[in-house]
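**Q** Below is final_10.cif; it holds mmCIF, C-alpha atoms.
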```cif
data_query
#
loop_
_atom_site.group_PDB
_atom_site.id
_atom_site.type_symbol
_atom_site.label_atom_id
_atom_site.label_comp_id
_atom_site.auth_asym_id
_atom_site.auth_seq_id
_atom_site.Cartn_x
_atom_site.Cartn_y
_atom_site.Cartn_z
ATOM 1 C CA MET U 873 37.832 -47.856 6.499
ATOM 2 C CA THR U 874 34.273 -47.226 5.408
ATOM 3 C CA ASN U 875 35.174 -44.707 2.804
ATOM 4 C CA TYR U 876 38.108 -46.477 1.282
ATOM 5 C CA LYS U 877 36.259 -46.537 -1.982
ATOM 6 C CA THR U 878 36.591 -42.793 -2.279
ATOM 7 C CA ASN U 879 37.897 -41.914 -5.669
ATOM 8 C CA LEU U 880 41.493 -40.950 -5.170
ATOM 9 C CA ILE U 881 42.613 -40.273 -8.668
ATOM 10 C CA PRO U 882 40.007 -38.963 -11.072
ATOM 11 C CA SER U 883 40.505 -40.320 -14.543
ATOM 12 C CA GLU U 884 40.750 -38.103 -17.590
ATOM 13 C CA ASN U 885 37.071 -38.255 -18.454
ATOM 14 C CA GLY U 886 36.039 -37.817 -14.848
ATOM 15 C CA ASN U 887 33.444 -40.623 -14.882
ATOM 16 C CA SER U 888 35.402 -43.366 -13.242
ATOM 17 C CA ALA U 889 38.386 -43.434 -11.020
ATOM 18 C CA MET U 890 41.170 -45.694 -10.092
ATOM 19 C CA ASN U 891 41.026 -46.804 -6.523
ATOM 20 C CA ILE U 892 44.543 -47.116 -5.332
ATOM 21 C CA TYR U 893 43.646 -48.940 -2.134
ATOM 22 C CA ASP U 894 41.725 -51.491 -4.144
ATOM 23 C CA LEU U 895 44.784 -52.026 -6.321
ATOM 24 C CA TYR U 896 47.013 -52.226 -3.251
ATOM 25 C CA HIS U 897 44.692 -54.746 -1.622
ATOM 26 C CA ARG U 898 44.587 -56.976 -4.694
ATOM 27 C CA MET U 899 48.364 -56.884 -4.997
ATOM 28 C CA GLU U 900 48.665 -57.779 -1.335
ATOM 29 C CA LEU U 901 46.284 -60.732 -1.735
ATOM 30 C CA ASN U 902 48.193 -61.938 -4.782
ATOM 31 C CA LYS U 903 51.502 -61.636 -2.924
ATOM 32 C CA VAL U 904 52.950 -59.332 -5.537
ATOM 33 C CA VAL U 905 56.637 -58.663 -4.942
ATOM 34 C CA LEU U 906 57.079 -56.151 -7.741
ATOM 35 C CA SER U 907 54.996 -54.874 -10.592
ATOM 36 C CA PHE U 908 55.654 -52.363 -13.307
ATOM 37 C CA LYS U 909 53.880 -50.804 -16.250
ATOM 38 C CA GLY U 910 55.694 -48.607 -18.705
ATOM 39 C CA ASP U 911 58.708 -48.444 -20.973
ATOM 40 C CA VAL U 912 61.109 -51.327 -20.497
ATOM 41 C CA THR U 913 64.612 -49.886 -20.578
ATOM 42 C CA SER U 914 68.018 -51.386 -19.919
ATOM 43 C CA GLU U 915 68.336 -49.448 -16.644
ATOM 44 C CA LEU U 916 64.898 -50.579 -15.516
ATOM 45 C CA MET U 917 65.804 -54.232 -16.090
ATOM 46 C CA THR U 918 69.003 -53.801 -14.081
ATOM 47 C CA SER U 919 67.004 -52.315 -11.185
ATOM 48 C CA ILE U 920 64.325 -55.005 -11.264
ATOM 49 C CA LEU U 921 66.952 -57.752 -11.259
ATOM 50 C CA GLN U 922 68.734 -56.157 -8.303
ATOM 51 C CA ILE U 923 65.530 -55.742 -6.325
ATOM 52 C CA ILE U 924 64.395 -59.317 -6.902
ATOM 53 C CA GLU U 925 67.834 -60.719 -6.163
ATOM 54 C CA GLN U 926 68.015 -58.834 -2.857
ATOM 55 C CA ARG U 927 64.484 -59.852 -2.007
ATOM 56 C CA MET U 928 65.221 -63.551 -2.583
ATOM 57 C CA GLU U 929 68.411 -63.150 -0.579
ATOM 58 C CA SER U 930 66.540 -61.667 2.387
ATOM 59 C CA MET U 931 63.937 -64.437 2.164
ATOM 60 C CA ASN U 932 66.695 -67.046 2.308
ATOM 61 C CA GLU U 933 65.517 -68.810 -0.821
ATOM 62 C CA ALA U 934 67.422 -71.941 -1.842
ATOM 63 C CA PRO U 935 70.326 -71.145 -4.193
ATOM 64 C CA LYS U 936 68.870 -73.414 -6.840
ATOM 65 C CA LEU U 937 65.514 -71.590 -6.840
ATOM 66 C CA LYS U 938 67.231 -68.195 -6.791
ATOM 67 C CA LYS U 939 69.255 -69.057 -9.867
ATOM 68 C CA LYS U 940 66.265 -70.404 -11.754
ATOM 69 C CA VAL U 941 64.115 -67.372 -10.959
ATOM 70 C CA TYR U 942 66.930 -65.001 -11.922
ATOM 71 C CA ASN U 943 67.568 -66.770 -15.213
ATOM 72 C CA VAL U 944 63.911 -66.920 -16.189
ATOM 73 C CA LEU U 945 63.412 -63.301 -15.129
ATOM 74 C CA VAL U 946 66.272 -62.169 -17.367
ATOM 75 C CA GLU U 947 64.727 -63.948 -20.359
ATOM 76 C CA CYS U 948 61.221 -62.615 -19.651
ATOM 77 C CA LEU U 949 62.430 -59.020 -19.288
ATOM 78 C CA GLN U 950 64.685 -59.191 -22.318
ATOM 79 C CA ASN U 951 61.832 -60.636 -24.369
ATOM 80 C CA LEU U 952 59.840 -57.533 -23.475
ATOM 81 C CA TYR U 953 62.789 -55.296 -24.269
ATOM 82 C CA HIS U 954 63.527 -56.807 -27.671
ATOM 83 C CA HIS U 955 60.163 -57.877 -29.015
ATOM 84 C CA ILE U 956 57.734 -55.223 -27.988
ATOM 85 C CA ASP U 957 55.711 -53.823 -30.883
ATOM 86 C CA GLU U 958 54.861 -50.160 -30.729
ATOM 87 C CA VAL U 959 51.241 -49.242 -31.070
ATOM 88 C CA PRO U 960 49.696 -45.836 -31.559
ATOM 89 C CA SER U 961 48.872 -44.452 -28.154
ATOM 90 C CA GLN U 962 45.565 -45.697 -26.811
ATOM 91 C CA SER U 963 45.226 -43.069 -24.169
ATOM 92 C CA GLY U 964 44.928 -40.212 -26.613
ATOM 93 C CA THR U 965 48.293 -38.779 -25.709
ATOM 94 C CA LYS U 966 50.754 -38.008 -28.450
ATOM 95 C CA GLY U 967 53.312 -40.490 -29.651
ATOM 96 C CA ALA U 968 53.579 -44.228 -29.738
ATOM 97 C CA ASP U 969 52.842 -46.460 -26.823
ATOM 98 C CA HIS U 970 55.519 -49.081 -26.336
ATOM 99 C CA SER U 971 54.877 -49.867 -22.763
ATOM 100 C CA ALA U 972 54.544 -53.316 -21.311
ATOM 101 C CA ILE U 973 53.418 -54.781 -18.024
ATOM 102 C CA PHE U 974 55.428 -56.987 -15.742
ATOM 103 C CA MET U 975 54.619 -58.586 -12.406
ATOM 104 C CA ILE U 976 56.365 -61.034 -10.112
ATOM 105 C CA SER U 977 54.631 -62.602 -7.143
ATOM 106 C CA LEU U 978 54.967 -65.505 -4.748
ATOM 107 C CA ASN U 979 53.019 -68.578 -5.829
ATOM 108 C CA LYS U 980 51.375 -71.194 -3.667
ATOM 109 C CA ASN U 981 54.093 -73.802 -4.246
ATOM 110 C CA ASN U 982 56.817 -71.735 -2.564
ATOM 111 C CA GLY U 983 57.965 -70.560 -5.946
ATOM 112 C CA TYR U 984 57.541 -67.415 -8.006
ATOM 113 C CA SER U 985 55.032 -66.457 -10.636
ATOM 114 C CA ILE U 986 56.197 -64.111 -13.386
ATOM 115 C CA THR U 987 53.623 -62.462 -15.643
ATOM 116 C CA THR U 988 54.322 -60.217 -18.603
ATOM 117 C CA GLY U 989 52.111 -58.483 -21.150
ATOM 118 C CA ASN U 990 52.927 -56.591 -24.320
ATOM 119 C CA TYR U 991 51.481 -55.542 -27.655
ATOM 120 C CA ILE U 992 52.144 -57.641 -30.709
ATOM 121 C CA GLN U 993 51.276 -56.961 -34.326
ATOM 122 C CA THR U 994 48.619 -59.380 -35.512
ATOM 123 C CA ALA U 995 50.759 -59.971 -38.613
ATOM 124 C CA ARG U 996 53.481 -61.459 -36.386
ATOM 125 C CA LYS U 997 51.117 -63.357 -34.138
ATOM 126 C CA GLY U 998 50.723 -66.450 -36.332
ATOM 127 C CA SER U 999 54.365 -67.450 -36.607
ATOM 128 C CA PHE U 1000 55.031 -66.568 -32.972
ATOM 129 C CA GLU U 1001 52.091 -68.635 -31.760
ATOM 130 C CA ASN U 1002 53.226 -71.592 -33.890
ATOM 131 C CA LYS U 1003 56.602 -71.400 -32.209
ATOM 132 C CA LEU U 1004 55.015 -71.433 -28.756
ATOM 133 C CA LYS U 1005 52.758 -74.344 -29.718
ATOM 134 C CA ARG U 1006 55.746 -76.295 -30.951
ATOM 135 C CA ILE U 1007 57.640 -75.684 -27.696
ATOM 136 C CA ASN U 1008 54.614 -76.794 -25.678
ATOM 137 C CA SER U 1009 54.285 -79.989 -27.712
ATOM 138 C CA LEU U 1010 57.786 -81.175 -26.778
ATOM 139 C CA GLU U 1011 58.992 -83.268 -23.866
ATOM 140 C CA SER U 1012 62.140 -82.284 -21.989
ATOM 141 C CA ALA U 1013 64.564 -84.410 -24.046
ATOM 142 C CA GLU U 1014 63.053 -82.990 -27.260
ATOM 143 C CA LEU U 1015 63.329 -79.458 -25.897
ATOM 144 C CA LYS U 1016 67.006 -80.040 -25.226
ATOM 145 C CA GLU U 1017 67.480 -81.124 -28.847
ATOM 146 C CA LEU U 1018 65.517 -78.129 -30.162
ATOM 147 C CA TYR U 1019 67.598 -75.802 -27.986
ATOM 148 C CA LYS U 1020 70.837 -77.216 -29.347
ATOM 149 C CA GLU U 1021 69.539 -77.084 -32.918
ATOM 150 C CA VAL U 1022 68.559 -73.400 -32.624
ATOM 151 C CA LEU U 1023 71.763 -72.585 -30.710
ATOM 152 C CA ASN U 1024 73.868 -74.121 -33.454
ATOM 153 C CA SER U 1025 71.927 -72.536 -36.333
ATOM 154 C CA ASP U 1026 73.159 -69.380 -37.993
ATOM 155 C CA ALA U 1027 69.898 -67.539 -37.473
ATOM 156 C CA ARG U 1028 70.185 -64.713 -35.018
ATOM 157 C CA SER U 1029 69.026 -61.181 -34.544
ATOM 158 C CA GLU U 1030 71.428 -58.276 -34.862
ATOM 159 C CA LYS U 1031 71.820 -58.145 -31.098
ATOM 160 C CA GLY U 1032 72.617 -61.793 -30.655
ATOM 161 C CA GLY U 1033 69.319 -63.354 -29.671
ATOM 162 C CA GLY U 1034 68.044 -66.054 -31.878
ATOM 163 C CA GLY U 1035 64.750 -67.336 -30.637
ATOM 164 C CA LEU U 1036 66.196 -69.282 -27.727
ATOM 165 C CA GLY U 1037 64.471 -67.363 -24.950
ATOM 166 C CA MET U 1038 61.141 -69.196 -24.859
ATOM 167 C CA ILE U 1039 62.793 -72.605 -25.291
ATOM 168 C CA ASP U 1040 65.120 -71.794 -22.418
ATOM 169 C CA ILE U 1041 62.230 -70.714 -20.175
ATOM 170 C CA ALA U 1042 60.356 -73.948 -20.938
ATOM 171 C CA ARG U 1043 63.481 -76.016 -20.237
ATOM 172 C CA LYS U 1044 64.419 -74.293 -17.004
ATOM 173 C CA THR U 1045 60.922 -74.341 -15.527
ATOM 174 C CA GLY U 1046 60.073 -77.833 -16.779
ATOM 175 C CA LYS U 1047 56.568 -76.533 -17.511
ATOM 176 C CA LYS U 1048 54.430 -75.698 -20.509
ATOM 177 C CA LEU U 1049 54.336 -72.030 -21.444
ATOM 178 C CA ASN U 1050 51.069 -70.487 -20.306
ATOM 179 C CA TYR U 1051 50.131 -67.716 -22.712
ATOM 180 C CA ALA U 1052 47.213 -65.891 -24.311
ATOM 181 C CA PHE U 1053 46.565 -63.410 -27.092
ATOM 182 C CA ALA U 1054 43.832 -60.833 -26.620
ATOM 183 C CA PRO U 1055 42.827 -59.336 -29.980
ATOM 184 C CA LEU U 1056 42.540 -55.542 -29.740
ATOM 185 C CA ASN U 1057 41.804 -54.612 -33.332
ATOM 186 C CA ASP U 1058 42.775 -55.724 -36.856
ATOM 187 C CA GLU U 1059 46.330 -54.655 -36.318
ATOM 188 C CA TYR U 1060 47.244 -55.482 -32.729
ATOM 189 C CA SER U 1061 46.838 -58.100 -30.061
ATOM 190 C CA PHE U 1062 47.959 -58.099 -26.475
ATOM 191 C CA PHE U 1063 50.217 -61.020 -25.632
ATOM 192 C CA SER U 1064 50.391 -62.261 -22.069
ATOM 193 C CA LEU U 1065 52.654 -64.886 -20.577
ATOM 194 C CA ASN U 1066 52.625 -66.469 -17.147
ATOM 195 C CA ILE U 1067 55.570 -68.494 -15.919
ATOM 196 C CA ASN U 1068 55.846 -70.355 -12.649
ATOM 197 C CA VAL U 1069 59.316 -71.096 -11.347
ATOM 198 C CA GLU U 1070 59.557 -73.695 -8.626
ATOM 199 C CA ASP U 1071 62.277 -75.636 -6.932
ATOM 200 C CA THR U 1072 61.346 -78.942 -8.530
ATOM 201 C CA LYS U 1073 61.927 -79.652 -12.136
ATOM 202 C CA MET T 214 99.671 -59.626 -29.715
ATOM 203 C CA GLU T 215 97.922 -57.649 -27.013
ATOM 204 C CA SER T 216 96.019 -59.427 -24.286
ATOM 205 C CA ILE T 217 92.466 -58.409 -23.384
ATOM 206 C CA PHE T 218 91.489 -57.529 -19.844
ATOM 207 C CA ILE T 219 87.953 -56.296 -19.196
ATOM 208 C CA GLU T 220 86.492 -55.602 -15.765
ATOM 209 C CA GLY T 221 83.166 -57.239 -15.058
ATOM 210 C CA THR T 222 79.916 -55.273 -14.706
ATOM 211 C CA PRO T 223 76.509 -56.384 -13.346
ATOM 212 C CA LYS T 224 75.649 -57.494 -16.887
ATOM 213 C CA THR T 225 78.966 -58.485 -18.455
ATOM 214 C CA PRO T 226 81.694 -60.855 -17.297
ATOM 215 C CA ASN T 227 85.257 -60.253 -16.277
ATOM 216 C CA ILE T 228 87.481 -61.133 -19.257
ATOM 217 C CA LYS T 229 91.153 -62.085 -19.236
ATOM 218 C CA PHE T 230 92.410 -63.319 -22.588
ATOM 219 C CA ASP T 231 96.141 -63.652 -22.011
ATOM 220 C CA HIS T 232 98.097 -64.421 -25.147
ATOM 221 C CA ASP T 233 101.427 -65.099 -23.400
ATOM 222 C CA LYS T 234 99.937 -67.616 -21.020
ATOM 223 C CA GLY T 235 97.516 -69.094 -23.538
ATOM 224 C CA SER T 236 94.755 -68.645 -20.986
ATOM 225 C CA LEU T 237 91.224 -67.404 -21.563
ATOM 226 C CA LEU T 238 88.967 -66.521 -18.644
ATOM 227 C CA LEU T 239 85.288 -65.554 -18.614
ATOM 228 C CA LYS T 240 83.987 -64.972 -15.126
ATOM 229 C CA GLY T 241 80.812 -63.513 -13.644
ATOM 230 C CA ARG T 242 77.504 -62.674 -15.303
ATOM 231 C CA SER T 243 76.797 -62.419 -18.972
ATOM 232 C CA ILE T 244 73.343 -60.958 -19.427
ATOM 233 C CA PRO T 245 73.778 -57.939 -21.728
ATOM 234 C CA GLU T 246 70.881 -56.890 -23.946
ATOM 235 C CA ASN T 247 73.274 -56.638 -26.851
ATOM 236 C CA SER T 248 75.603 -59.613 -26.623
ATOM 237 C CA ILE T 249 77.147 -59.249 -30.053
ATOM 238 C CA GLU T 250 78.428 -55.788 -29.152
ATOM 239 C CA PHE T 251 80.243 -57.269 -26.136
ATOM 240 C CA TYR T 252 81.493 -60.504 -27.706
ATOM 241 C CA LYS T 253 82.512 -59.309 -31.197
ATOM 242 C CA PRO T 254 85.939 -57.989 -30.026
ATOM 243 C CA LEU T 255 86.549 -61.290 -28.204
ATOM 244 C CA VAL T 256 85.714 -63.363 -31.283
ATOM 245 C CA ASP T 257 87.987 -61.102 -33.368
ATOM 246 C CA TRP T 258 90.781 -61.492 -30.801
ATOM 247 C CA LEU T 259 90.504 -65.286 -30.991
ATOM 248 C CA ASP T 260 90.635 -65.057 -34.773
ATOM 249 C CA ALA T 261 93.957 -63.239 -34.474
ATOM 250 C CA TYR T 262 95.146 -65.641 -31.757
ATOM 251 C CA LEU T 263 94.443 -68.526 -34.157
ATOM 252 C CA SER T 264 97.343 -67.415 -36.339
ATOM 253 C CA SER T 265 99.853 -67.745 -33.484
ATOM 254 C CA PRO T 266 98.324 -69.891 -30.742
ATOM 255 C CA LYS T 267 100.261 -71.210 -27.763
ATOM 256 C CA PRO T 268 100.917 -74.984 -27.853
ATOM 257 C CA LYS T 269 98.355 -75.293 -25.073
ATOM 258 C CA THR T 270 95.325 -73.054 -24.556
ATOM 259 C CA VAL T 271 93.157 -73.295 -21.463
ATOM 260 C CA CYS T 272 89.752 -71.627 -21.366
ATOM 261 C CA ASP T 273 88.089 -71.205 -17.955
ATOM 262 C CA VAL T 274 84.371 -70.484 -18.081
ATOM 263 C CA GLN T 275 83.214 -69.436 -14.625
ATOM 264 C CA LEU T 276 79.844 -67.939 -15.355
ATOM 265 C CA GLU T 277 77.243 -67.486 -12.686
ATOM 266 C CA TYR T 278 74.501 -66.574 -15.146
ATOM 267 C CA PHE T 279 74.277 -66.135 -18.888
ATOM 268 C CA ASN T 280 71.322 -65.175 -21.046
ATOM 269 C CA THR T 281 70.281 -66.885 -24.257
ATOM 270 C CA SER T 282 71.689 -64.097 -26.387
ATOM 271 C CA SER T 283 75.118 -64.691 -24.791
ATOM 272 C CA SER T 284 74.777 -68.414 -25.386
ATOM 273 C CA LYS T 285 75.136 -67.984 -29.156
ATOM 274 C CA CYS T 286 78.177 -65.762 -28.677
ATOM 275 C CA LEU T 287 79.779 -68.319 -26.361
ATOM 276 C CA LEU T 288 79.268 -70.897 -29.077
ATOM 277 C CA ASP T 289 81.077 -68.584 -31.527
ATOM 278 C CA LEU T 290 84.051 -68.434 -29.136
ATOM 279 C CA PHE T 291 84.073 -72.207 -28.685
ATOM 280 C CA LYS T 292 83.958 -72.711 -32.454
ATOM 281 C CA LYS T 293 87.163 -70.697 -32.761
ATOM 282 C CA MET T 294 88.720 -72.956 -30.132
ATOM 283 C CA GLU T 295 87.542 -75.963 -32.104
ATOM 284 C CA LEU T 296 89.414 -74.616 -35.152
ATOM 285 C CA MET T 297 92.499 -74.265 -32.970
ATOM 286 C CA SER T 298 92.109 -77.806 -31.756
ATOM 287 C CA ASN T 299 91.518 -79.155 -35.277
ATOM 288 C CA GLY T 300 94.729 -77.382 -36.280
ATOM 289 C CA GLY T 301 96.667 -79.647 -33.934
ATOM 290 C CA ASN T 302 96.906 -77.352 -30.901
ATOM 291 C CA GLU T 303 95.985 -78.504 -27.458
ATOM 292 C CA VAL T 304 92.838 -76.801 -26.192
ATOM 293 C CA ILE T 305 90.824 -77.504 -23.089
ATOM 294 C CA ILE T 306 87.654 -75.843 -21.851
ATOM 295 C CA ASN T 307 87.071 -75.912 -18.085
ATOM 296 C CA TRP T 308 83.364 -75.417 -17.388
ATOM 297 C CA TYR T 309 82.714 -74.409 -13.784
ATOM 298 C CA TYR T 310 79.317 -74.803 -12.149
ATOM 299 C CA GLU T 311 78.173 -74.331 -8.592
ATOM 300 C CA GLU T 312 77.132 -77.306 -6.570
ATOM 301 C CA ASP T 313 73.460 -78.164 -7.303
ATOM 302 C CA ASP T 314 73.331 -75.866 -10.325
ATOM 303 C CA GLU T 315 72.075 -78.539 -12.705
ATOM 304 C CA ASP T 316 71.042 -75.940 -15.276
ATOM 305 C CA MET T 317 74.613 -74.652 -15.569
ATOM 306 C CA LEU T 318 76.012 -78.195 -15.763
ATOM 307 C CA GLU T 319 73.481 -79.057 -18.451
ATOM 308 C CA ALA T 320 74.383 -75.905 -20.394
ATOM 309 C CA GLY T 321 78.020 -77.020 -20.364
ATOM 310 C CA GLU T 322 77.032 -80.462 -21.562
ATOM 311 C CA ASP T 323 75.061 -78.910 -24.430
ATOM 312 C CA TYR T 324 78.226 -77.175 -25.647
ATOM 313 C CA GLN T 325 80.279 -80.290 -25.057
ATOM 314 C CA SER T 326 77.997 -82.239 -27.412
ATOM 315 C CA ILE T 327 78.262 -79.589 -30.156
ATOM 316 C CA ILE T 328 81.940 -78.612 -29.933
ATOM 317 C CA ASN T 329 84.750 -81.020 -30.650
ATOM 318 C CA VAL T 330 87.089 -79.820 -27.892
ATOM 319 C CA PRO T 331 87.718 -81.576 -24.541
ATOM 320 C CA PHE T 332 85.491 -80.125 -21.818
ATOM 321 C CA LYS T 333 86.132 -80.616 -18.141
ATOM 322 C CA MET T 334 83.131 -80.108 -15.851
ATOM 323 C CA ILE T 335 84.264 -78.684 -12.524
ATOM 324 C CA GLU T 336 81.905 -78.456 -9.581
ATOM 325 C CA VAL T 337 82.618 -75.679 -7.104
ATOM 326 C CA GLN T 338 81.263 -75.080 -3.606
ATOM 327 C CA GLU T 339 78.961 -72.098 -3.261
#
```
Could you rewrite the structure in this file as structure tokens?
**A**
Amino acid sequence: MTNYKTNLIPSENGNSAMNIYDLYHRMELNKVVLSFKGDVTSELMTSILQIIEQRMESMNEAPKLKKKVYNVLVECLQNLYHHIDEVPSQSGTKGADHSAIFMISLNKNNGYSITTGNYIQTARKGSFENKLKRINSLESAELKELYKEVLNSDARSEKGGGGLGMIDIARKTGKKLNYAFAPLNDEYSFFSLNINVEDTK
Amino acid sequence: MESIFIEGTPKTPNIKFDHDKGSLLLKGRSIPENSIEFYKPLVDWLDAYLSSPKPKTVCDVQLEYFNTSSSKCLLDLFKKMELMSNGGNEVIINWYYEEDDEDMLEAGEDYQSIINVPFKMIEVQE
């Protein structure tokens, strides 16, 4: 136990190291059920959904909570899949970096906390942030109206989405969207979103 | 015209669009990343069905989950049914939701308020 701080995995430059036990311990404390960093693919999303569904099943979660978590999870993952902006690799390796981070953990209100992070072009940040601010300014009846308005509008992406995801998440959780943008440079920011799904609405 | 039968997958619903019976069934999960790819043939089929609809068409929507990208495609299907209904044909949409699934009931009510076709909300036991 005394030497758990031993460097297990030397980093590329050899000066610092990632302590895997430290990471494990923090994930344990935060009751992390599943976390992932990397490319978000269709197959990955299918696997994550299966794992979380089985996990909730084995924990005997109420059907209502299970459905809400599943629905919100689908929207969060598909947001990552569709809206990720590629950035030139930061780690010095060749090629573009289009990875994202995703984490789901148990929260203190017997619900689930879903956190995602991905790169966004600063040029897109303004309009996206305005959209989030608008969603957060609305009460539930207004959100319902906005949802129907966007649903019934002709605007949609080539794959069928049409900006309903965030509105849907806000409606289903009954909570304000908790988000942040961390500026990285002139071109990119890192967008993070934390959603809590609980049994009460 | 040919009927459409599609087996369900973990991300797409089971489809039975039966021209002879005038019955349309969507059952299971609809959470594909690319919804348009899945729903386009169904919308096209309904377009063709519109030219020779049965006197009565019943659509059963028994979805357990659907994502927001499917929600726009579902609306496209319902709009075709609205055209059918406006053309003097009898159309009914049965919207199934599991007991306590208020979100699914509410989703059905959203469509009901947009589409001018009779909806019947049917609660089922889990």
**Q** Applied to this file, what does the PyMOL selection byres ((chain T) within 6 of (chain U)) return in terms of residues, put as a list in words?
**A**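 When the PyMOL selection byres ((chain T) within 6 of (chain U)) is applied, the selected residues are Asn247, Ser248, Ile249, Thr281, Ser282 and Lys285 of chain T.
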**Q** Report the residues retrieved by the PyMOL selection byres ((chain T and resi 240) around 8) from the displayed file, expressed as a list in words.
**A**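 Given this file, the PyMOL selection byres ((chain T and resi 240) around 8) evaluates to Gly221, Pro226, Asn227, Ile228, Leu238, Leu239, Gly241, Arg242, Asp273, Val274, Gln275, Leu276 and Glu277 of chain T.
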**Q** Once the PyMOL selection byres ((chain T and resi 319-333) around 8) is applied to the coordinates I shared, what remains selected? I want it as a count of residues only.
**A** 19
**Q** What is the atom CA of Lys903 of chain U-atom CA of Ala934 of chain U distance in Å, reported with one decimal?
**A** 19.0 Å
**Q** What is the atom CA of Tyr309 of chain T to atom CA of Lys229 of chain T distance in Å?
**A**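 Those two atoms sit 15.9 Å apart.
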**Q** Within 12 Å of (55.7, -77.2, -21.1), all atoms listed in the file: residues as a PyMOL selection string?
**A** chain U and resi 1004-1015+1038-1051+1066-1068+1073
**Q** Once 5 Å is added on each side, what are the centre and the three edge lengths, in Å to one decimal, of the axis-aligned box enclosing the listed atoms of segment 279-294 of chain T? Present them as AutoDock Vina command-line options.
**A**
```
--center_x 79.5 --center_y -68.5 --center_z -25.8 --size_x 28.4 --size_y 18.9 --size_z 23.9
```
**Q** Since the input is missing atoms for segment 971-988 of chain U, could you rebuild it with N, CA and C atoms and give the result as a CSV table (one decimal), in the frame of the given file?
**A**
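Here's the written file out-v9.csv:
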```csv
chain,number,residue,atom,x,y,z
U,971,SER,N,54.7,-49.4,-24.1
U,971,SER,CA,54.9,-49.9,-22.8
U,971,SER,C,54.4,-51.3,-22.6
U,972,ALA,N,54.9,-51.9,-21.6
U,972,ALA,CA,54.5,-53.3,-21.3
U,972,ALA,C,54.2,-53.4,-19.8
U,973,ILE,N,53.7,-54.6,-19.4
U,973,ILE,CA,53.4,-54.8,-18.0
U,973,ILE,C,54.2,-56.0,-17.6
U,974,PHE,N,54.6,-55.9,-16.3
U,974,PHE,CA,55.4,-57.0,-15.7
U,974,PHE,C,55.1,-57.1,-14.3
U,975,MET,N,55.0,-58.4,-13.8
U,975,MET,CA,54.6,-58.6,-12.4
U,975,MET,C,55.3,-59.9,-11.9
U,976,ILE,N,55.8,-59.8,-10.7
U,976,ILE,CA,56.4,-61.0,-10.1
U,976,ILE,C,55.8,-61.2,-8.7
U,977,SER,N,55.3,-62.4,-8.4
U,977,SER,CA,54.6,-62.6,-7.1
U,977,SER,C,55.0,-64.0,-6.6
U,978,LEU,N,54.7,-64.2,-5.3
U,978,LEU,CA,55.0,-65.5,-4.7
U,978,LEU,C,53.8,-66.4,-5.2
U,979,ASN,N,54.1,-67.7,-5.5
U,979,ASN,CA,53.0,-68.6,-5.8
U,979,ASN,C,52.8,-69.6,-4.7
U,980,LYS,N,51.8,-70.4,-4.8
U,980,LYS,CA,51.4,-71.2,-3.7
U,980,LYS,C,52.3,-72.4,-3.5
U,981,ASN,N,53.2,-72.7,-4.4
U,981,ASN,CA,54.1,-73.8,-4.2
U,981,ASN,C,55.5,-73.4,-3.8
U,982,ASN,N,55.5,-72.3,-3.0
U,982,ASN,CA,56.8,-71.7,-2.6
U,982,ASN,C,57.8,-71.3,-3.7
U,983,GLY,N,57.2,-71.0,-4.8
U,983,GLY,CA,58.0,-70.6,-5.9
U,983,GLY,C,57.5,-69.2,-6.3
U,984,TYR,N,57.9,-68.8,-7.5
U,984,TYR,CA,57.5,-67.4,-8.0
U,984,TYR,C,56.7,-67.5,-9.3
U,985,SER,N,55.8,-66.5,-9.4
U,985,SER,CA,55.0,-66.5,-10.6
U,985,SER,C,55.4,-65.2,-11.4
U,986,ILE,N,55.8,-65.3,-12.6
U,986,ILE,CA,56.2,-64.1,-13.4
U,986,ILE,C,55.2,-63.9,-14.5
U,987,THR,N,54.6,-62.7,-14.6
U,987,THR,CA,53.6,-62.5,-15.6
U,987,THR,C,54.1,-61.2,-16.4
U,988,THR,N,54.0,-61.4,-17.8
U,988,THR,CA,54.3,-60.2,-18.6
U,988,THR,C,53.2,-60.0,-19.6
```
